[in-house]
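Participant: Have a peek at structure_33.csv (CSV, C-alpha atoms).
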```csv
chain,number,residue,atom,x,y,z
A,3,MET,CA,0.0,0.0,0.0
A,4,SER,CA,1.4,3.3,-1.0
A,5,THR,CA,1.3,6.4,1.3
A,6,ALA,CA,1.5,8.7,-1.7
A,7,THR,CA,-1.3,11.2,-1.6
A,8,VAL,CA,-2.4,12.6,-5.0
A,9,PHE,CA,-2.8,16.4,-5.2
A,10,ASP,CA,-2.1,18.5,-8.3
A,11,GLN,CA,1.3,16.9,-8.7
A,12,GLY,CA,1.5,14.6,-5.7
A,13,PRO,CA,4.7,13.9,-3.7
A,14,GLN,CA,7.8,13.1,-5.7
A,15,ARG,CA,8.2,9.9,-3.8
A,16,THR,CA,6.3,7.8,-1.3
A,17,LEU,CA,7.0,8.1,2.4
A,18,GLU,CA,8.7,4.6,2.3
A,19,GLU,CA,11.0,5.8,-0.5
A,20,ALA,CA,11.8,9.0,1.4
A,21,VAL,CA,12.7,7.0,4.6
A,22,ASP,CA,14.9,4.6,2.6
A,23,LEU,CA,16.7,7.4,0.8
A,24,ASP,CA,17.3,9.4,4.0
A,25,CYS,CA,18.7,6.2,5.7
A,26,ARG,CA,21.0,5.5,2.7
A,27,GLU,CA,22.3,9.1,2.8
A,28,TYR,CA,22.8,9.1,6.6
A,29,ARG,CA,26.4,8.7,7.6
A,30,GLY,CA,27.0,4.9,7.7
A,31,GLY,CA,23.7,4.2,5.9
A,32,HIS,CA,21.2,1.6,7.0
A,33,THR,CA,23.9,-0.2,9.1
A,34,ALA,CA,24.5,2.9,11.2
A,35,VAL,CA,20.8,3.6,11.7
A,36,CYS,CA,20.2,0.1,12.9
A,37,ALA,CA,23.2,0.1,15.2
A,38,ILE,CA,22.4,3.5,16.7
A,39,LEU,CA,18.8,2.6,17.4
A,40,GLY,CA,19.9,-0.8,18.8
A,41,GLU,CA,18.1,-2.9,16.3
A,42,ALA,CA,19.3,-6.1,14.7
A,43,TYR,CA,20.5,-5.2,11.2
A,44,GLY,CA,18.8,-7.8,9.1
A,45,PRO,CA,15.1,-7.6,10.1
A,46,PHE,CA,15.2,-3.8,10.8
A,47,GLN,CA,17.0,-3.0,7.5
A,48,LYS,CA,14.3,-4.9,5.7
A,49,ARG,CA,11.7,-2.7,7.3
A,50,LEU,CA,13.7,0.4,6.2
A,51,SER,CA,14.4,-0.6,2.6
A,52,THR,CA,12.0,-0.4,-0.2
A,53,ALA,CA,13.7,-3.4,-1.7
A,54,TYR,CA,11.5,-5.4,0.7
A,55,PRO,CA,8.0,-4.0,0.1
A,56,ASP,CA,6.3,-6.5,2.5
A,57,HIS,CA,8.2,-5.2,5.5
A,58,HIS,CA,6.8,-2.0,7.0
A,59,LEU,CA,8.0,0.2,9.8
A,60,ARG,CA,5.7,0.5,12.8
A,61,THR,CA,4.8,4.0,13.7
A,62,GLY,CA,7.1,4.1,16.7
A,63,ASP,CA,10.0,2.9,14.6
A,64,LEU,CA,9.3,5.4,11.9
A,65,ALA,CA,9.3,8.2,14.5
A,66,ARG,CA,12.7,7.0,15.9
A,67,VAL,CA,14.3,6.7,12.5
A,68,VAL,CA,13.0,10.2,11.4
A,69,GLU,CA,14.2,11.8,14.6
A,70,LEU,CA,17.7,10.2,14.2
A,71,VAL,CA,18.2,10.7,10.5
A,72,ARG,CA,16.5,14.1,10.1
A,73,GLY,CA,16.8,13.7,6.3
A,74,GLN,CA,15.7,16.0,3.6
A,75,ALA,CA,13.6,13.4,1.7
A,76,VAL,CA,11.1,12.8,4.5
A,77,ARG,CA,10.9,16.6,5.2
A,78,GLU,CA,10.1,17.2,1.5
A,79,TRP,CA,7.5,14.5,1.6
A,80,PHE,CA,5.7,16.1,4.5
A,81,GLU,CA,6.0,19.5,2.8
A,82,GLN,CA,4.4,18.2,-0.4
A,83,VAL,CA,1.7,16.2,1.3
A,84,TYR,CA,0.7,18.9,3.9
A,85,GLY,CA,1.6,22.0,1.9
A,86,VAL,CA,3.7,23.3,4.8
A,87,ALA,CA,7.3,24.6,4.9
A,88,SER,CA,9.9,23.4,7.3
A,89,TYR,CA,13.3,24.7,8.2
A,90,ALA,CA,16.1,24.1,10.7
A,91,VAL,CA,16.5,27.0,13.1
A,92,GLU,CA,20.1,28.0,14.1
A,93,PRO,CA,20.1,30.4,17.1
A,94,VAL,CA,22.1,33.6,16.7
A,95,GLU,CA,22.9,36.2,19.2
A,96,ALA,CA,20.0,38.6,19.8
A,97,SER,CA,22.2,41.6,20.8
A,98,ARG,CA,21.4,45.2,20.1
A,99,ASP,CA,23.8,45.3,17.2
A,100,ALA,CA,22.4,42.1,15.8
A,101,MET,CA,18.9,43.5,16.0
A,102,LEU,CA,19.9,46.7,14.2
A,103,SER,CA,21.6,44.7,11.5
A,104,MET,CA,18.5,42.6,11.1
A,105,GLY,CA,16.5,45.8,10.6
A,106,ARG,CA,18.8,46.8,7.8
A,107,TYR,CA,18.6,43.3,6.4
A,108,LEU,CA,14.8,43.4,6.4
A,109,THR,CA,14.7,46.8,4.7
A,110,LYS,CA,16.9,45.5,1.9
A,111,HIS,CA,14.6,42.5,1.4
A,112,ALA,CA,11.5,44.7,1.6
A,113,ASP,CA,12.9,46.8,-1.2
A,114,TYR,CA,13.5,43.6,-3.2
A,115,VAL,CA,9.9,42.4,-2.6
A,116,SER,CA,8.6,45.8,-3.7
A,117,ALA,CA,10.7,45.6,-6.9
A,118,VAL,CA,9.3,42.1,-7.6
A,119,ALA,CA,5.7,43.3,-7.0
A,120,GLU,CA,6.3,46.1,-9.6
A,121,ALA,CA,7.8,43.6,-12.1
A,122,ALA,CA,4.8,41.2,-11.6
A,123,GLU,CA,2.3,44.0,-12.2
A,124,ASP,CA,1.4,42.2,-15.5
A,125,GLY,CA,0.2,39.2,-13.5
A,126,ILE,CA,2.7,36.9,-15.2
A,127,TRP,CA,5.3,35.2,-13.1
A,128,THR,CA,8.4,33.7,-14.6
A,129,ASP,CA,10.2,30.7,-13.1
A,130,ALA,CA,13.2,33.1,-12.4
A,131,GLU,CA,11.0,35.6,-10.5
A,132,VAL,CA,9.4,32.8,-8.4
A,133,ALA,CA,12.8,31.3,-7.6
A,134,ALA,CA,14.2,34.7,-6.6
A,135,LEU,CA,11.2,35.4,-4.4
A,136,ASP,CA,11.5,32.0,-2.9
A,137,GLU,CA,15.2,32.5,-2.1
A,138,HIS,CA,14.6,35.9,-0.5
A,139,THR,CA,11.6,34.7,1.5
A,140,TRP,CA,13.4,31.8,3.1
A,141,ALA,CA,16.5,33.9,3.8
A,142,VAL,CA,14.3,36.4,5.8
A,143,ILE,CA,12.5,33.6,7.6
A,144,ARG,CA,15.7,31.8,8.6
A,145,LYS,CA,17.3,35.0,9.9
A,146,MET,CA,14.2,36.0,11.9
A,147,LEU,CA,13.7,32.6,13.4
A,148,GLY,CA,17.4,32.3,14.2
A,149,MET,CA,17.3,35.6,16.1
A,150,LEU,CA,14.1,34.6,17.9
A,151,ALA,CA,15.8,31.3,18.9
A,152,GLY,CA,18.8,33.2,20.1
A,153,ALA,CA,16.6,35.5,22.2
A,154,ARG,CA,14.8,32.5,23.7
A,155,GLU,CA,18.2,30.9,24.6
A,156,ALA,CA,19.4,34.1,26.2
A,157,ALA,CA,16.1,34.5,28.1
A,158,LYS,CA,16.5,30.9,29.5
A,159,LYS,CA,20.1,31.6,30.6
A,160,GLY,CA,19.2,35.0,32.1
A,161,LYS,CA,16.1,33.9,34.1
A,162,GLY,CA,16.0,36.0,37.2
A,163,VAL,CA,18.4,38.6,35.9
A,164,GLN,CA,17.0,42.1,36.2
A,165,HIS,CA,17.8,44.8,33.7
A,166,GLY,CA,19.4,47.8,35.4
```
Turn this file's structure into structure tokens for me.
Facilitator:
Amino acid sequence: MSTATVFDQGPQRTLEEAVDLDCREYRGGHTAVCAILGEAYGPFQKRLSTAYPDHHLRTGDLARVVELVRGQAVREWFEQVYGVASYAVEPVEASRDAMLSMGRYLTKHADYVSAVAEAAEDGIWTDAEVAALDEHTWAVIRKMLGMLAGAREAAKKGKGVQHG
């Protein structure tokens, strides 16, 4: 049974294929995944690999594998099926200078978005325009969430510290 859901274009691969691909690309491949999770290689590898279609991962095992491997293929599968976006947040320092720098960065990207809006006045989007908008959008999101994560980390470390 395939877990592929059909939308306009559908996912590029099934969830099973995505798990298998991510495990193959994980450092050490299926062998390492099985060893780290403390599973016997033979039976567990058969549940990970699409070469053995009758062997399926149980939900708990799927969760363990996805959490360990954190691969791009499974993330893309969920993005395609649910129409959501995912990203890895890397905390950055949320200092005054960093915040001012972020303000300048956002102004630069806001100017870019305004320019794209002007160019798209005709209602026709080219692949290049969409790709550029996509790149700028994700750049802003990553930076903003990184700064937010940095502020959260600083707040956890500074609990009970009073500003003076």
Participant: If we count only C-alpha atoms and set the cut-off at 9 Å, which residues sit around His57 (chain A), ignoring sequence neighbours fewer than 6 positions away in its own chain? Please answer as a PyMOL selection string.
Facilitator: chain A and resi 45-46+48-51
Participant: Would you mind exporting the chosen residues as a PDB file, keeping the file's coordinate frame, restricted to C-alpha atoms?
Facilitator:
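Written output follows (result14.pdb):
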```pdb
ATOM      1  CA  PRO A  45      15.100  -7.600  10.100  1.00  0.00           C
ATOM      2  CA  PHE A  46      15.200  -3.800  10.800  1.00  0.00           C
ATOM      3  CA  LYS A  48      14.300  -4.900   5.700  1.00  0.00           C
ATOM      4  CA  ARG A  49      11.700  -2.700   7.300  1.00  0.00           C
ATOM      5  CA  LEU A  50      13.700   0.400   6.200  1.00  0.00           C
ATOM      6  CA  SER A  51      14.400  -0.600   2.600  1.00  0.00           C
TER       7      SER A  51
END
```
Participant: Calculated over all atoms listed in the file, which of the candidates A:Glu18, A:Ala112, A:Lys145, A:Ala65 has the smallest distance to Glu92 (chain A)?
Facilitator: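 Using all atoms listed in the file, Glu92 (chain A) sits closest to A:Lys145.
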Participant: Find the residue from A:Gly152, A:Gly30, A:Gly125, A:Gly160 that sits nearest to Val71 (chain A); use all atoms listed in the file when measuring.
Facilitator: A:Gly30
Participant: Rounded to one decimal place, report the CA of Ala87 (chain A)-CA of Ser116 (chain A) distance in Å.
Facilitator: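 It comes out at 22.9 Å.
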Participant: So how far away is CA of Tyr89 (chain A) from CA of Ala34 (chain A), in Å?
Facilitator: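 Going from CA of Ala34 (chain A) over to CA of Tyr89 (chain A) covers 24.7 Å.
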Participant: Between CA of Gly73 (chain A) and CA of Ile38 (chain A), what is the distance, to one decimal in Å?
Facilitator: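 Going from CA of Gly73 (chain A) over to CA of Ile38 (chain A) covers 15.6 Å.
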Participant: Could you check which of A:Met104, A:Ala141, A:Val115, A:Asp22 is closest to Tyr54 (chain A), using all atoms listed in the file?
Facilitator: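 Between A:Met104, A:Ala141, A:Val115, A:Asp22, the residue approaching Tyr54 (chain A) most closely is A:Asp22.
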Participant: Given the choices A:Val118, A:Val76, A:Ala90, A:Leu147, which gets closest to Leu17 (chain A) if the distance is worked out from all atoms listed in the file?
Facilitator: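 Answer, going by the shortest atom-to-atom distance: A:Val76.
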Participant: Pick the closest to Val94 (chain A) from A:Ala75, A:Val35, A:Ala151, A:Ala121: which is it, counting only C-alpha atoms?
Facilitator: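 The shortest atom-to-atom distance to Val94 (chain A) comes from A:Ala151.
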Participant: At a cut-off of 9 Å, using only C-alpha atoms, what residues contact Ala96 (chain A)? Leave out same-chain residues fewer than 5 positions from it and give the result as a list in words.
Facilitator: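 Selected residues are Met101, Gly148, Met149, Leu150, Ala151, Gly152, Ala153, Arg154 and Ala156 of chain A.
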Participant: Let me make sure I understand: among A:Gly31, A:Pro93, A:Pro55, A:Gly44, which one has the smallest atom-to-atom distance to Arg144 (chain A) if we use only C-alpha atoms?
Facilitator: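 Result for the nearest residue to Arg144 (chain A): A:Pro93.
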Participant: Near Glu78 (chain A), within 12 Å and counting only C-alpha atoms, which residues show up once chain neighbours fewer than 2 positions away are dropped, as a PyMOL selection string?
Facilitator: chain A and resi 12-17+19-21+23-24+72-76+80-89
Participant: Keeping only C-alpha atoms, write those residues as a JSON list (two decimals), in the coordinates of the input.
Facilitator:
```
[["chain", "number", "residue", "atom", "x", "y", "z"],
["A", 12, "GLY", "CA", 1.50, 14.60, -5.70],
["A", 13, "PRO", "CA", 4.70, 13.90, -3.70],
["A", 14, "GLN", "CA", 7.80, 13.10, -5.70],
["A", 15, "ARG", "CA", 8.20, 9.90, -3.80],
["A", 16, "THR", "CA", 6.30, 7.80, -1.30],
["A", 17, "LEU", "CA", 7.00, 8.10, 2.40],
["A", 19, "GLU", "CA", 11.00, 5.80, -0.50],
["A", 20, "ALA", "CA", 11.80, 9.00, 1.40],
["A", 21, "VAL", "CA", 12.70, 7.00, 4.60],
["A", 23, "LEU", "CA", 16.70, 7.40, 0.80],
["A", 24, "ASP", "CA", 17.30, 9.40, 4.00],
["A", 72, "ARG", "CA", 16.50, 14.10, 10.10],
["A", 73, "GLY", "CA", 16.80, 13.70, 6.30],
["A", 74, "GLN", "CA", 15.70, 16.00, 3.60],
["A", 75, "ALA", "CA", 13.60, 13.40, 1.70],
["A", 76, "VAL", "CA", 11.10, 12.80, 4.50],
["A", 80, "PHE", "CA", 5.70, 16.10, 4.50],
["A", 81, "GLU", "CA", 6.00, 19.50, 2.80],
["A", 82, "GLN", "CA", 4.40, 18.20, -0.40],
["A", 83, "VAL", "CA", 1.70, 16.20, 1.30],
["A", 84, "TYR", "CA", 0.70, 18.90, 3.90],
["A", 85, "GLY", "CA", 1.60, 22.00, 1.90],
["A", 86, "VAL", "CA", 3.70, 23.30, 4.80],
["A", 87, "ALA", "CA", 7.30, 24.60, 4.90],
["A", 88, "SER", "CA", 9.90, 23.40, 7.30],
["A", 89, "TYR", "CA", 13.30, 24.70, 8.20]]
```
